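Pasting target_36.txt here (compact mmCIF, C-alpha atoms):
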# COMPACT_ATOMS: atom_id res chain seq x y z
CA GLY F 1 23.15 -4.62 2.58
CA GLU F 2 20.88 -2.25 4.43
CA ASN F 3 17.44 -3.47 5.59
CA VAL F 4 14.72 -0.88 6.11
CA GLU F 5 11.47 -1.87 7.80
CA GLN F 6 8.43 0.40 7.71
CA HIS F 7 5.27 0.36 9.82
CA PRO F 8 2.35 0.42 9.57
CA SER F 9 1.60 -0.78 6.05
CA THR F 10 -1.76 1.01 6.09
CA LEU F 11 -2.97 3.93 8.17
CA SER F 12 -6.33 5.68 8.25
CA VAL F 13 -6.85 8.94 10.11
CA GLN F 14 -9.60 11.52 10.38
CA GLU F 15 -8.97 14.83 8.68
CA GLY F 16 -7.22 17.15 11.09
CA ASP F 17 -5.64 14.35 13.12
CA SER F 18 -1.93 13.53 13.11
CA ALA F 19 -0.28 10.60 11.35
CA VAL F 20 2.97 8.91 12.32
CA ILE F 21 4.94 6.44 10.21
CA LYS F 22 7.97 4.65 11.62
CA CYS F 23 11.01 3.08 10.00
CA THR F 24 13.95 1.14 11.35
CA TYR F 25 17.25 0.49 9.61
CA SER F 26 19.96 -2.08 10.16
CA ASP F 27 23.22 -0.45 9.06
CA SER F 28 24.59 1.99 11.62
CA ALA F 29 26.67 3.62 8.86
CA SER F 30 23.52 4.96 7.15
CA ASN F 31 23.49 8.73 7.33
CA TYR F 32 20.83 10.02 4.93
CA PHE F 33 17.11 9.39 5.39
CA PRO F 34 14.64 10.76 2.84
CA TRP F 35 10.87 10.36 2.76
CA TYR F 36 8.95 10.11 -0.49
CA LYS F 37 5.25 10.54 -1.20
CA GLN F 38 3.71 8.66 -4.09
CA GLU F 39 0.19 9.36 -5.24
CA LEU F 40 -1.64 6.70 -7.21
CA GLY F 41 -0.07 6.23 -10.63
CA LYS F 42 2.46 9.01 -10.06
CA ARG F 43 6.18 9.28 -9.47
CA PRO F 44 7.68 9.23 -5.96
CA GLN F 45 8.36 12.77 -4.79
CA LEU F 46 10.67 13.82 -2.00
CA ILE F 47 8.81 15.52 0.83
CA ILE F 48 11.51 15.81 3.47
CA ASP F 49 14.91 14.37 4.31
CA ILE F 50 17.20 14.28 7.31
CA ARG F 51 20.88 13.64 7.81
CA SER F 52 22.50 11.84 10.71
CA ASN F 53 23.92 15.01 12.25
CA VAL F 54 20.39 16.30 12.92
CA GLY F 55 17.80 14.84 15.29
CA GLU F 56 14.69 16.56 13.95
CA LYS F 57 13.62 18.57 10.94
CA LYS F 58 10.34 20.35 10.23
CA ASP F 59 8.69 21.73 7.13
CA GLN F 60 5.27 23.22 7.80
CA ARG F 61 2.98 20.28 8.71
CA ILE F 62 5.65 17.65 8.16
CA ALA F 63 8.42 16.66 10.55
CA VAL F 64 10.95 13.86 10.68
CA THR F 65 12.78 12.62 13.77
CA LEU F 66 15.87 10.45 13.87
CA ASN F 67 17.18 8.30 16.72
CA LYS F 68 20.62 7.04 15.67
CA THR F 69 21.12 4.98 18.81
CA ALA F 70 17.94 3.02 18.24
CA LYS F 71 18.34 3.15 14.46
CA HIS F 72 14.87 4.40 13.74
CA PHE F 73 13.31 7.46 12.17
CA SER F 74 9.74 8.65 11.92
CA LEU F 75 7.55 10.87 9.76
CA HIS F 76 4.98 13.04 11.48
CA ILE F 77 2.18 14.75 9.60
CA THR F 78 0.01 17.14 11.59
CA GLU F 79 -3.41 18.56 10.71
CA THR F 80 -3.86 15.98 7.99
CA GLN F 81 -5.82 16.88 4.87
CA PRO F 82 -7.42 14.66 2.22
CA GLU F 83 -4.64 15.55 -0.22
CA ASP F 84 -2.16 13.90 2.17
CA SER F 85 -3.67 10.55 1.13
CA ALA F 86 -0.90 8.63 -0.67
CA VAL F 87 1.74 5.97 -0.17
CA TYR F 88 4.74 7.13 1.83
CA PHE F 89 8.16 5.51 1.57
CA CYS F 90 11.10 5.91 3.89
CA ALA F 91 14.63 5.19 2.73
CA ALA F 92 18.16 5.03 4.08
CA SER F 93 21.59 5.50 2.52
CA LYS F 94 25.19 5.28 3.66
CA GLY F 95 26.31 7.88 1.18
CA THR F 96 28.98 5.68 -0.31
CA GLY F 97 29.21 4.33 -3.82
CA ALA F 98 26.25 5.75 -5.66
CA ASN F 99 24.13 6.98 -2.81
CA ASN F 100 22.25 3.71 -2.92
CA LEU F 101 18.87 4.20 -1.33
CA PHE F 102 17.24 1.26 0.40
CA PHE F 103 13.49 1.76 0.60
CA GLY F 104 10.91 0.60 3.07
CA THR F 105 7.86 -1.22 1.74
CA GLY F 106 5.58 1.80 2.03
CA THR F 107 2.63 3.02 4.13
CA ARG F 108 -0.71 3.71 2.51
CA LEU F 109 -2.16 6.72 4.31
CA THR F 110 -5.85 7.48 3.94
CA VAL F 111 -7.22 10.73 5.35
CA ILE F 112 -10.95 10.50 5.90
CA PRO F 113 -12.80 13.80 5.36
CA ASN E 1 12.92 22.19 -17.61
CA ALA E 2 11.46 18.69 -17.96
CA GLY E 3 13.42 17.02 -15.14
CA VAL E 4 13.55 13.26 -15.67
CA THR E 5 11.75 11.87 -18.71
CA GLN E 6 11.11 8.18 -19.32
CA THR E 7 10.02 6.51 -22.53
CA PRO E 8 7.91 4.58 -23.21
CA LYS E 9 5.19 4.96 -20.56
CA PHE E 10 3.61 1.56 -21.22
CA ARG E 11 4.73 -1.55 -23.02
CA VAL E 12 3.57 -5.14 -23.38
CA LEU E 13 6.11 -7.76 -24.38
CA LYS E 14 6.06 -11.45 -25.03
CA THR E 15 8.40 -13.74 -23.12
CA GLY E 16 11.81 -13.79 -24.80
CA GLN E 17 11.49 -10.42 -26.54
CA SER E 18 13.97 -7.65 -25.92
CA MET E 19 13.51 -3.95 -25.37
CA THR E 20 15.22 -0.80 -24.12
CA LEU E 21 13.84 1.76 -21.71
CA LEU E 22 15.17 5.27 -22.08
CA CYS E 23 15.72 7.79 -19.31
CA ALA E 24 16.76 11.37 -19.98
CA GLN E 25 17.48 14.14 -17.50
CA ASP E 26 18.15 17.80 -18.14
CA MET E 27 19.42 18.79 -14.68
CA ASN E 28 23.10 18.02 -15.34
CA HIS E 29 23.02 15.33 -12.64
CA GLU E 30 25.98 13.01 -12.29
CA TYR E 31 24.14 10.08 -10.74
CA MET E 32 21.39 8.10 -12.41
CA TYR E 33 19.45 5.05 -11.23
CA TRP E 34 16.99 2.44 -12.41
CA TYR E 35 14.48 1.00 -9.92
CA ARG E 36 11.67 -1.45 -10.19
CA GLN E 37 8.55 -1.17 -8.08
CA ASP E 38 6.48 -4.21 -7.25
CA PRO E 39 3.42 -4.38 -4.99
CA GLY E 40 4.35 -4.66 -1.32
CA MET E 41 8.09 -4.45 -2.02
CA GLY E 42 8.83 -0.78 -2.33
CA LEU E 43 11.47 0.35 -4.80
CA ARG E 44 14.49 -1.82 -5.51
CA LEU E 45 17.63 -0.63 -7.25
CA ILE E 46 18.49 -2.48 -10.46
CA HIS E 47 21.57 -0.63 -11.76
CA TYR E 48 23.07 2.78 -11.29
CA SER E 49 25.66 5.12 -12.76
CA VAL E 50 27.92 7.63 -11.06
CA GLY E 51 28.83 9.43 -14.26
CA GLU E 52 29.08 9.23 -18.02
CA GLY E 53 30.56 5.93 -19.14
CA THR E 54 30.10 4.21 -15.76
CA THR E 55 27.57 1.62 -14.60
CA ALA E 56 27.25 -0.64 -11.58
CA LYS E 57 24.92 -3.29 -10.19
CA GLY E 58 22.28 -2.60 -7.58
CA GLU E 59 20.18 -4.98 -5.51
CA VAL E 60 18.39 -6.82 -8.34
CA PRO E 61 20.54 -6.62 -11.51
CA ASP E 62 19.95 -10.08 -13.00
CA GLY E 63 18.28 -10.06 -16.41
CA TYR E 64 19.02 -6.37 -17.06
CA ASN E 65 21.80 -4.39 -18.68
CA VAL E 66 22.43 -0.66 -18.73
CA SER E 67 24.48 1.92 -20.59
CA ARG E 68 25.36 5.55 -19.97
CA LEU E 69 27.05 6.79 -23.13
CA LYS E 70 25.93 10.37 -22.54
CA LYS E 71 25.64 12.14 -19.20
CA GLN E 72 21.99 12.97 -19.71
CA ASN E 73 20.83 9.50 -20.78
CA PHE E 74 20.62 6.18 -18.98
CA LEU E 75 19.30 3.15 -20.85
CA LEU E 76 17.90 -0.03 -19.32
CA GLY E 77 17.82 -3.12 -21.49
CA LEU E 78 16.02 -6.41 -21.18
CA GLU E 79 17.69 -8.94 -23.48
CA SER E 80 15.18 -11.78 -23.04
CA ALA E 81 12.11 -10.66 -21.14
CA ALA E 82 10.57 -12.96 -18.52
CA PRO E 83 7.17 -12.70 -16.78
CA SER E 84 9.01 -12.03 -13.48
CA GLN E 85 10.14 -8.73 -14.99
CA THR E 86 6.58 -7.43 -15.13
CA SER E 87 6.80 -4.30 -13.02
CA VAL E 88 6.80 -0.52 -12.97
CA TYR E 89 10.25 0.84 -13.74
CA PHE E 90 11.40 4.20 -12.43
CA CYS E 91 14.45 6.15 -13.42
CA ALA E 92 15.91 8.72 -11.05
CA SER E 93 18.83 11.12 -10.94
CA SER E 94 20.68 13.13 -8.32
CA TYR E 95 23.31 15.86 -8.44
CA ARG E 96 25.72 14.21 -6.07
CA ILE E 97 25.92 11.70 -3.29
CA ASN E 98 23.33 11.92 -0.51
CA GLN E 99 21.31 14.49 -2.42
CA PRO E 100 17.61 14.14 -3.26
CA GLN E 101 16.79 11.80 -6.08
CA HIS E 102 14.37 13.06 -8.72
CA PHE E 103 12.17 10.44 -10.32
CA GLY E 104 10.61 10.09 -13.74
CA ASP E 105 6.97 9.17 -14.30
CA GLY E 106 7.70 5.48 -14.68
CA THR E 107 7.29 2.81 -17.34
CA ARG E 108 4.65 0.15 -16.81
CA LEU E 109 5.95 -3.05 -18.39
CA SER E 110 3.93 -6.23 -18.76
CA ILE E 111 5.48 -9.45 -20.01
CA LEU E 112 3.16 -12.19 -21.14
Please re-express this file's structure in structure tokens.
Amino acid sequence: GENVEQHPSTLSVQEGDSAVIKCTYSDSASNYFPWYKQELGKRPQLIIDIRSNVGEKKDQRIAVTLNKTAKHFSLHITETQPEDSAVYFCAASKGTGANNLFFGTGTRLTVIP
Amino acid sequence: NAGVTQTPKFRVLKTGQSMTLLCAQDMNHEYMYWYRQDPGMGLRLIHYSVGEGTTAKGEVPDGYNVSRLKKQNFLLGLESAAPSQTSVYFCASSYRINQPQHFGDGTRLSIL
């Protein structure tokens, strides 16, 4: 099956700085890459996703980049705010069967005011 | 519009007991999923369903069974609970393949 690795496991940044989280995947057939944010004790919530026919996607302060050749994708958060503090998960899917998502192990982001 | 609703929210079981977790969605989604979340391991797929009356195994299906008798409901059963099944269980649904998955609030299950 797919193997998704996520780094770093923890990340602390000063408010206003940028944060970058990186993921690699093993299966070159994967074509859908969502990112989820999970606040403490809450459900995971989709914040952005990208498909393999696109190299970059932005939504306000959040952007995701995809390098299919290298099989890695990254989440970029600019102008970080304390409310960005959470655990972020990347995931990958081939889009076959049941859209099985394989998740990374998560990055705990702390934004220091 | 409630989205994905899971019941119960918390439960404590003794080893060997059985229970059923219920997931209900009101978004008319075809696909439904059960995940477990353990510290440092992210979310792992237990079982999934691609439509009413269908079920299939995910990454970690052993010790669990599921049923999808109605499109809006997806049940996860533990026949004989073991301490290794202590976890937070999330249900999710999506409209179709490679579409965003919407998660419920989770069920925190402890097995003593």
Item to check | Within 10 Å of chain F: residues of chain E, using all atoms listed in the file, as an MDAnalysis selection string | outcome: chainID E and resid 30:33 37:45 47:51 55:56 58:59 88 90:92 94 96:106 108
Resulting file, chosen residues, C-alpha atoms, as a short mmCIF file (atom, residue, chain, number, x, y, z; two decimals), in the frame of the given file:
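Wrote it out as result.cif, contents follow:
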data_model
loop_
_atom_site.label_atom_id
_atom_site.label_comp_id
_atom_site.auth_asym_id
_atom_site.auth_seq_id
_atom_site.Cartn_x
_atom_site.Cartn_y
_atom_site.Cartn_z
CA GLU E 30 25.98 13.01 -12.29
CA TYR E 31 24.14 10.08 -10.74
CA MET E 32 21.39 8.10 -12.41
CA TYR E 33 19.45 5.05 -11.23
CA GLN E 37 8.55 -1.17 -8.08
CA ASP E 38 6.48 -4.21 -7.25
CA PRO E 39 3.42 -4.38 -4.99
CA GLY E 40 4.35 -4.66 -1.32
CA MET E 41 8.09 -4.45 -2.02
CA GLY E 42 8.83 -0.78 -2.33
CA LEU E 43 11.47 0.35 -4.80
CA ARG E 44 14.49 -1.82 -5.51
CA LEU E 45 17.63 -0.63 -7.25
CA HIS E 47 21.57 -0.63 -11.76
CA TYR E 48 23.07 2.78 -11.29
CA SER E 49 25.66 5.12 -12.76
CA VAL E 50 27.92 7.63 -11.06
CA GLY E 51 28.83 9.43 -14.26
CA THR E 55 27.57 1.62 -14.60
CA ALA E 56 27.25 -0.64 -11.58
CA GLY E 58 22.28 -2.60 -7.58
CA GLU E 59 20.18 -4.98 -5.51
CA VAL E 88 6.80 -0.52 -12.97
CA PHE E 90 11.40 4.20 -12.43
CA CYS E 91 14.45 6.15 -13.42
CA ALA E 92 15.91 8.72 -11.05
CA SER E 94 20.68 13.13 -8.32
CA ARG E 96 25.72 14.21 -6.07
CA ILE E 97 25.92 11.70 -3.29
CA ASN E 98 23.33 11.92 -0.51
CA GLN E 99 21.31 14.49 -2.42
CA PRO E 100 17.61 14.14 -3.26
CA GLN E 101 16.79 11.80 -6.08
CA HIS E 102 14.37 13.06 -8.72
CA PHE E 103 12.17 10.44 -10.32
CA GLY E 104 10.61 10.09 -13.74
CA ASP E 105 6.97 9.17 -14.30
CA GLY E 106 7.70 5.48 -14.68
CA ARG E 108 4.65 0.15 -16.81
#
Next on the checklist: Between CA of Lys70 in chain E and CA of Thr107 in chain E, what is the distance in Å, rounded to a tenth?
Outcome noted: 20.8 Å
Next on the checklist: Could you list, as a PyMOL selection string, every residue within 8 Å of Ser26 in chain F, counting all atoms listed in the file and ignoring same-chain residues fewer than 6 positions away?
Outcome noted: chain F and resi 2-4+71
Checklist entry - If you count all atoms listed in the file, which residues fall within 8 Å of Ser18 in chain F, apart from same-chain ones fewer than 3 positions away, as a PyMOL selection string? => result chain F and resi 13+76-80
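The space separating CA of Leu13 in chain E from CA of Arg68 in chain E comes to 23.8 Å.
Reported to one decimal place, the separation of CA of Ser87 in chain E from CA of Lys22 in chain F is 26.2 Å.
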